[in-house]
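Notes follow the structure.
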Amino acid sequence: MDIDVNGRTVTNSDNNIFTIKNEAALNLSGSGWLKGNLLIEEGGALTMNGSLDVDNITHHGSALTMNTQTDKLNIVLARDKRITLGDDFSCDSLKISLDNDVLAALNDDMEEAGDIVIAENAGEDLVSKVTIAGLTNKLVSLQRRDDGSLTLHKELLTGVFIDGEKGSDDNTGLSYDAPVKSFDRA
């Protein structure tokens, strides 16, 4: 289904603005504001083109393609889901919320977590505009790879630098210049 928002504001305060079900595809275009949540259920697909502002997108579906210009964007990504960004995508602020189990693995210093691709075809400036909700582990970094993928990468600890006087438990402990202070943090 194709919908041209055409300068309108679409709202639904009680539920989702749109729910895209299994094997359904919704193409939104034009300019306007979508106040509320767009829910992409498993198997559903959403494509956005134009100058569209949306409060929130929850992505459990097969595809989320963003080729839109927006100020602020909040996206909830289910496990193993990613965003495909078009050549015209731009935003000032992108907040990503991850699946709770994925976030817990990233925040646990001792648990291995492979690289997690959250977006494809990302522009070089996007890394500085992304916030990962609830991510507290300083061993995890957001990186843009040469292929344009935006990836969360977690360093594995192989040794920790400790300095009880000059260290800080806010440091990673991965280098002589950034030691942790306590054995508890190590």
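Residue numbers start at 1 in each chain; chains themselves are named A, B, ... in the order of the structure tokens; ligands are numbered from 1 in the order shown.
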
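The residues of chain A that DSSP assigns to helix (DSSP H, G or I) on this backbone come out as Asn100, Asp101, Val102, Leu103, Ala104, Ala105, Leu106, Asn107, Leu126, Val127, Ser128 and Lys129 of chain A.
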
Checklist line | Residue list (strand (DSSP E), DSSP) for region 1-45 of chain A, as number ranges by chain | finding: A: 2-4, 8-11, 18-20, 25-29, 31-40, 45

Margin query: Quick one: residues within 10 Å of region 1-12 of chain A, only C-alpha atoms, excluding same-chain residues fewer than 2 positions away - as JSON, numbers by chain?
Written below: {"A": [14, 15, 16, 17, 18, 24, 25, 26, 27, 28, 29, 30, 31, 32, 33, 34, 35, 36, 37, 46, 47, 48, 49, 50, 51, 52, 53, 54]}

Margin query: Could you list, as a list of chain:residue names, every residue within 6 Å of region 96-99 of chain A, counting only C-alpha atoms and ignoring same-chain residues fewer than 6 positions away?
Written below: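 Near neighbours after the sequence-gap exclusion: A:Ile75, A:Val76, A:Leu77, A:Ala78, A:Arg79, A:Ile132, A:Ala133.
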
Write the residues of the selection above to a file with all heavy atoms, as a short mmCIF file (atom, residue, chain, number, x, y, z; two decimals), in the first residue's frame.
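After the write, selection_5.cif holds the following:
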```cif
data_model
loop_
_atom_site.label_atom_id
_atom_site.label_comp_id
_atom_site.auth_asym_id
_atom_site.auth_seq_id
_atom_site.Cartn_x
_atom_site.Cartn_y
_atom_site.Cartn_z
N ILE A 75 13.95 4.46 17.03
CA ILE A 75 13.65 3.16 16.43
C ILE A 75 13.95 2.07 17.45
O ILE A 75 15.03 2.05 18.05
CB ILE A 75 14.47 2.92 15.14
CG1 ILE A 75 14.11 3.98 14.09
CG2 ILE A 75 14.22 1.52 14.60
CD1 ILE A 75 14.88 3.87 12.80
N VAL A 76 13.00 1.17 17.63
CA VAL A 76 13.17 -0.01 18.47
C VAL A 76 13.46 -1.17 17.53
O VAL A 76 12.63 -1.49 16.66
CB VAL A 76 11.90 -0.29 19.31
CG1 VAL A 76 12.09 -1.55 20.14
CG2 VAL A 76 11.55 0.91 20.18
N LEU A 77 14.63 -1.80 17.70
CA LEU A 77 15.03 -2.92 16.84
C LEU A 77 14.91 -4.23 17.59
O LEU A 77 15.53 -4.41 18.64
CB LEU A 77 16.48 -2.76 16.38
CG LEU A 77 16.78 -1.67 15.36
CD1 LEU A 77 18.27 -1.64 15.07
CD2 LEU A 77 15.99 -1.88 14.09
N ALA A 78 14.14 -5.16 17.05
CA ALA A 78 14.08 -6.51 17.60
C ALA A 78 15.40 -7.22 17.27
O ALA A 78 16.20 -6.75 16.44
CB ALA A 78 12.89 -7.26 17.01
N ARG A 79 15.61 -8.35 17.90
CA ARG A 79 16.84 -9.13 17.68
C ARG A 79 17.03 -9.42 16.18
O ARG A 79 16.09 -9.78 15.49
CB ARG A 79 16.76 -10.45 18.45
CG ARG A 79 17.98 -11.34 18.28
CD ARG A 79 17.81 -12.66 18.99
NE ARG A 79 17.76 -12.51 20.42
CZ ARG A 79 18.83 -12.50 21.21
NH1 ARG A 79 20.03 -12.60 20.68
NH2 ARG A 79 18.71 -12.37 22.52
N ILE A 132 22.52 4.82 21.57
CA ILE A 132 21.96 3.51 21.85
C ILE A 132 21.39 3.55 23.27
O ILE A 132 22.14 3.69 24.23
CB ILE A 132 23.01 2.38 21.72
CG1 ILE A 132 23.72 2.44 20.36
CG2 ILE A 132 22.37 1.02 21.97
CD1 ILE A 132 22.84 2.21 19.17
N ALA A 133 20.07 3.46 23.38
CA ALA A 133 19.39 3.57 24.68
C ALA A 133 19.85 2.45 25.62
O ALA A 133 19.87 1.28 25.23
CB ALA A 133 17.89 3.51 24.49
#
```

Checklist line | Shortest interatomic distance to Thr172 (chain A) - which of A:Ile20, A:Val160, A:Ile40, A:Leu150, counting only C-alpha atoms | finding: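 Between A:Ile20, A:Val160, A:Ile40, A:Leu150, the residue approaching Thr172 (chain A) most closely is A:Val160.
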
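Ranking A:Gly167, A:Cys91, A:Val130, A:Lys21 by their shortest atom-to-atom distance to Gly61 (chain A), with only C-alpha atoms included, puts A:Lys21 first.
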
Margin query: Could you list, as a PyMOL selection string, every residue within 12 Å of Thr136 (chain A), counting only C-alpha atoms and ignoring same-chain residues fewer than 4 positions away?
Written below: chain A and resi 103-109+131-132+140-141+154+170-172

Could those selected residues go to a file with all heavy atoms, as a compact mmCIF listing (two decimals), in the first residue's frame?
```txt
# COMPACT_ATOMS: atom_id res chain seq x y z
N LEU A 103 20.90 -6.11 24.53
CA LEU A 103 21.46 -5.02 25.33
C LEU A 103 22.16 -5.56 26.56
O LEU A 103 23.25 -5.10 26.92
CB LEU A 103 20.35 -4.03 25.71
CG LEU A 103 20.81 -2.79 26.46
CD1 LEU A 103 21.76 -1.95 25.60
CD2 LEU A 103 19.60 -1.96 26.88
N ALA A 104 21.56 -6.54 27.22
CA ALA A 104 22.18 -7.13 28.42
C ALA A 104 23.53 -7.77 28.07
O ALA A 104 24.51 -7.61 28.82
CB ALA A 104 21.25 -8.15 29.05
N ALA A 105 23.61 -8.46 26.95
CA ALA A 105 24.88 -9.08 26.53
C ALA A 105 25.93 -8.02 26.23
O ALA A 105 27.11 -8.19 26.57
CB ALA A 105 24.65 -9.97 25.31
N LEU A 106 25.53 -6.92 25.61
CA LEU A 106 26.48 -5.85 25.32
C LEU A 106 26.98 -5.17 26.59
O LEU A 106 28.15 -4.79 26.69
CB LEU A 106 25.85 -4.80 24.39
CG LEU A 106 25.62 -5.24 22.95
CD1 LEU A 106 24.80 -4.20 22.20
CD2 LEU A 106 26.93 -5.51 22.24
N ASN A 107 26.11 -5.01 27.57
CA ASN A 107 26.48 -4.32 28.81
C ASN A 107 27.26 -5.20 29.78
O ASN A 107 27.90 -4.69 30.68
CB ASN A 107 25.25 -3.76 29.51
CG ASN A 107 24.79 -2.46 28.88
OD1 ASN A 107 25.59 -1.70 28.34
ND2 ASN A 107 23.50 -2.21 28.94
N ASP A 108 27.24 -6.51 29.60
CA ASP A 108 27.97 -7.44 30.47
C ASP A 108 29.41 -7.55 29.98
O ASP A 108 29.66 -8.05 28.89
CB ASP A 108 27.28 -8.80 30.45
CG ASP A 108 27.90 -9.80 31.42
OD1 ASP A 108 29.07 -9.63 31.82
OD2 ASP A 108 27.19 -10.75 31.79
N ASP A 109 30.36 -7.09 30.80
CA ASP A 109 31.77 -7.11 30.41
C ASP A 109 32.28 -8.52 30.11
O ASP A 109 33.22 -8.69 29.34
CB ASP A 109 32.64 -6.51 31.52
CG ASP A 109 32.50 -5.01 31.63
OD1 ASP A 109 32.01 -4.39 30.67
OD2 ASP A 109 32.89 -4.47 32.68
N THR A 131 22.47 7.43 19.26
CA THR A 131 22.51 7.07 20.67
C THR A 131 21.88 5.70 20.80
O THR A 131 20.82 5.44 20.22
CB THR A 131 21.70 8.08 21.52
OG1 THR A 131 22.22 9.38 21.30
CG2 THR A 131 21.76 7.73 22.98
N ILE A 132 22.52 4.82 21.57
CA ILE A 132 21.96 3.51 21.85
C ILE A 132 21.39 3.55 23.27
O ILE A 132 22.14 3.69 24.23
CB ILE A 132 23.01 2.38 21.72
CG1 ILE A 132 23.72 2.44 20.36
CG2 ILE A 132 22.37 1.02 21.97
CD1 ILE A 132 22.84 2.21 19.17
N VAL A 140 31.98 -1.16 24.32
CA VAL A 140 31.18 -1.25 23.10
C VAL A 140 31.26 0.08 22.36
O VAL A 140 31.04 1.14 22.94
CB VAL A 140 29.70 -1.59 23.41
CG1 VAL A 140 28.88 -1.65 22.14
CG2 VAL A 140 29.61 -2.91 24.17
N SER A 141 31.57 0.00 21.08
CA SER A 141 31.65 1.21 20.27
C SER A 141 30.78 1.05 19.02
O SER A 141 30.56 -0.05 18.53
CB SER A 141 33.09 1.50 19.87
OG SER A 141 33.60 0.44 19.07
N LYS A 154 32.00 -4.93 20.25
CA LYS A 154 32.38 -5.07 21.65
C LYS A 154 33.79 -5.64 21.74
O LYS A 154 34.08 -6.70 21.19
CB LYS A 154 31.39 -6.01 22.36
CG LYS A 154 31.67 -6.18 23.84
CD LYS A 154 30.59 -7.05 24.48
CE LYS A 154 30.80 -7.20 25.95
NZ LYS A 154 29.77 -8.06 26.55
N ASP A 170 35.50 4.48 35.99
CA ASP A 170 34.80 4.90 34.78
C ASP A 170 35.61 4.59 33.53
O ASP A 170 35.09 4.64 32.41
CB ASP A 170 34.48 6.40 34.82
CG ASP A 170 33.41 6.74 35.84
OD1 ASP A 170 32.56 5.87 36.13
OD2 ASP A 170 33.43 7.87 36.35
N ASN A 171 36.90 4.27 33.70
CA ASN A 171 37.77 3.91 32.57
C ASN A 171 37.51 2.47 32.13
O ASN A 171 36.91 1.68 32.86
CB ASN A 171 39.24 4.04 32.98
CG ASN A 171 39.68 5.47 33.16
OD1 ASN A 171 39.04 6.38 32.67
ND2 ASN A 171 40.78 5.66 33.87
N THR A 172 38.01 2.14 30.94
CA THR A 172 37.85 0.77 30.43
C THR A 172 38.88 -0.18 30.99
O THR A 172 38.64 -1.38 31.04
CB THR A 172 37.98 0.76 28.89
OG1 THR A 172 39.29 1.18 28.53
CG2 THR A 172 36.91 1.62 28.24
```
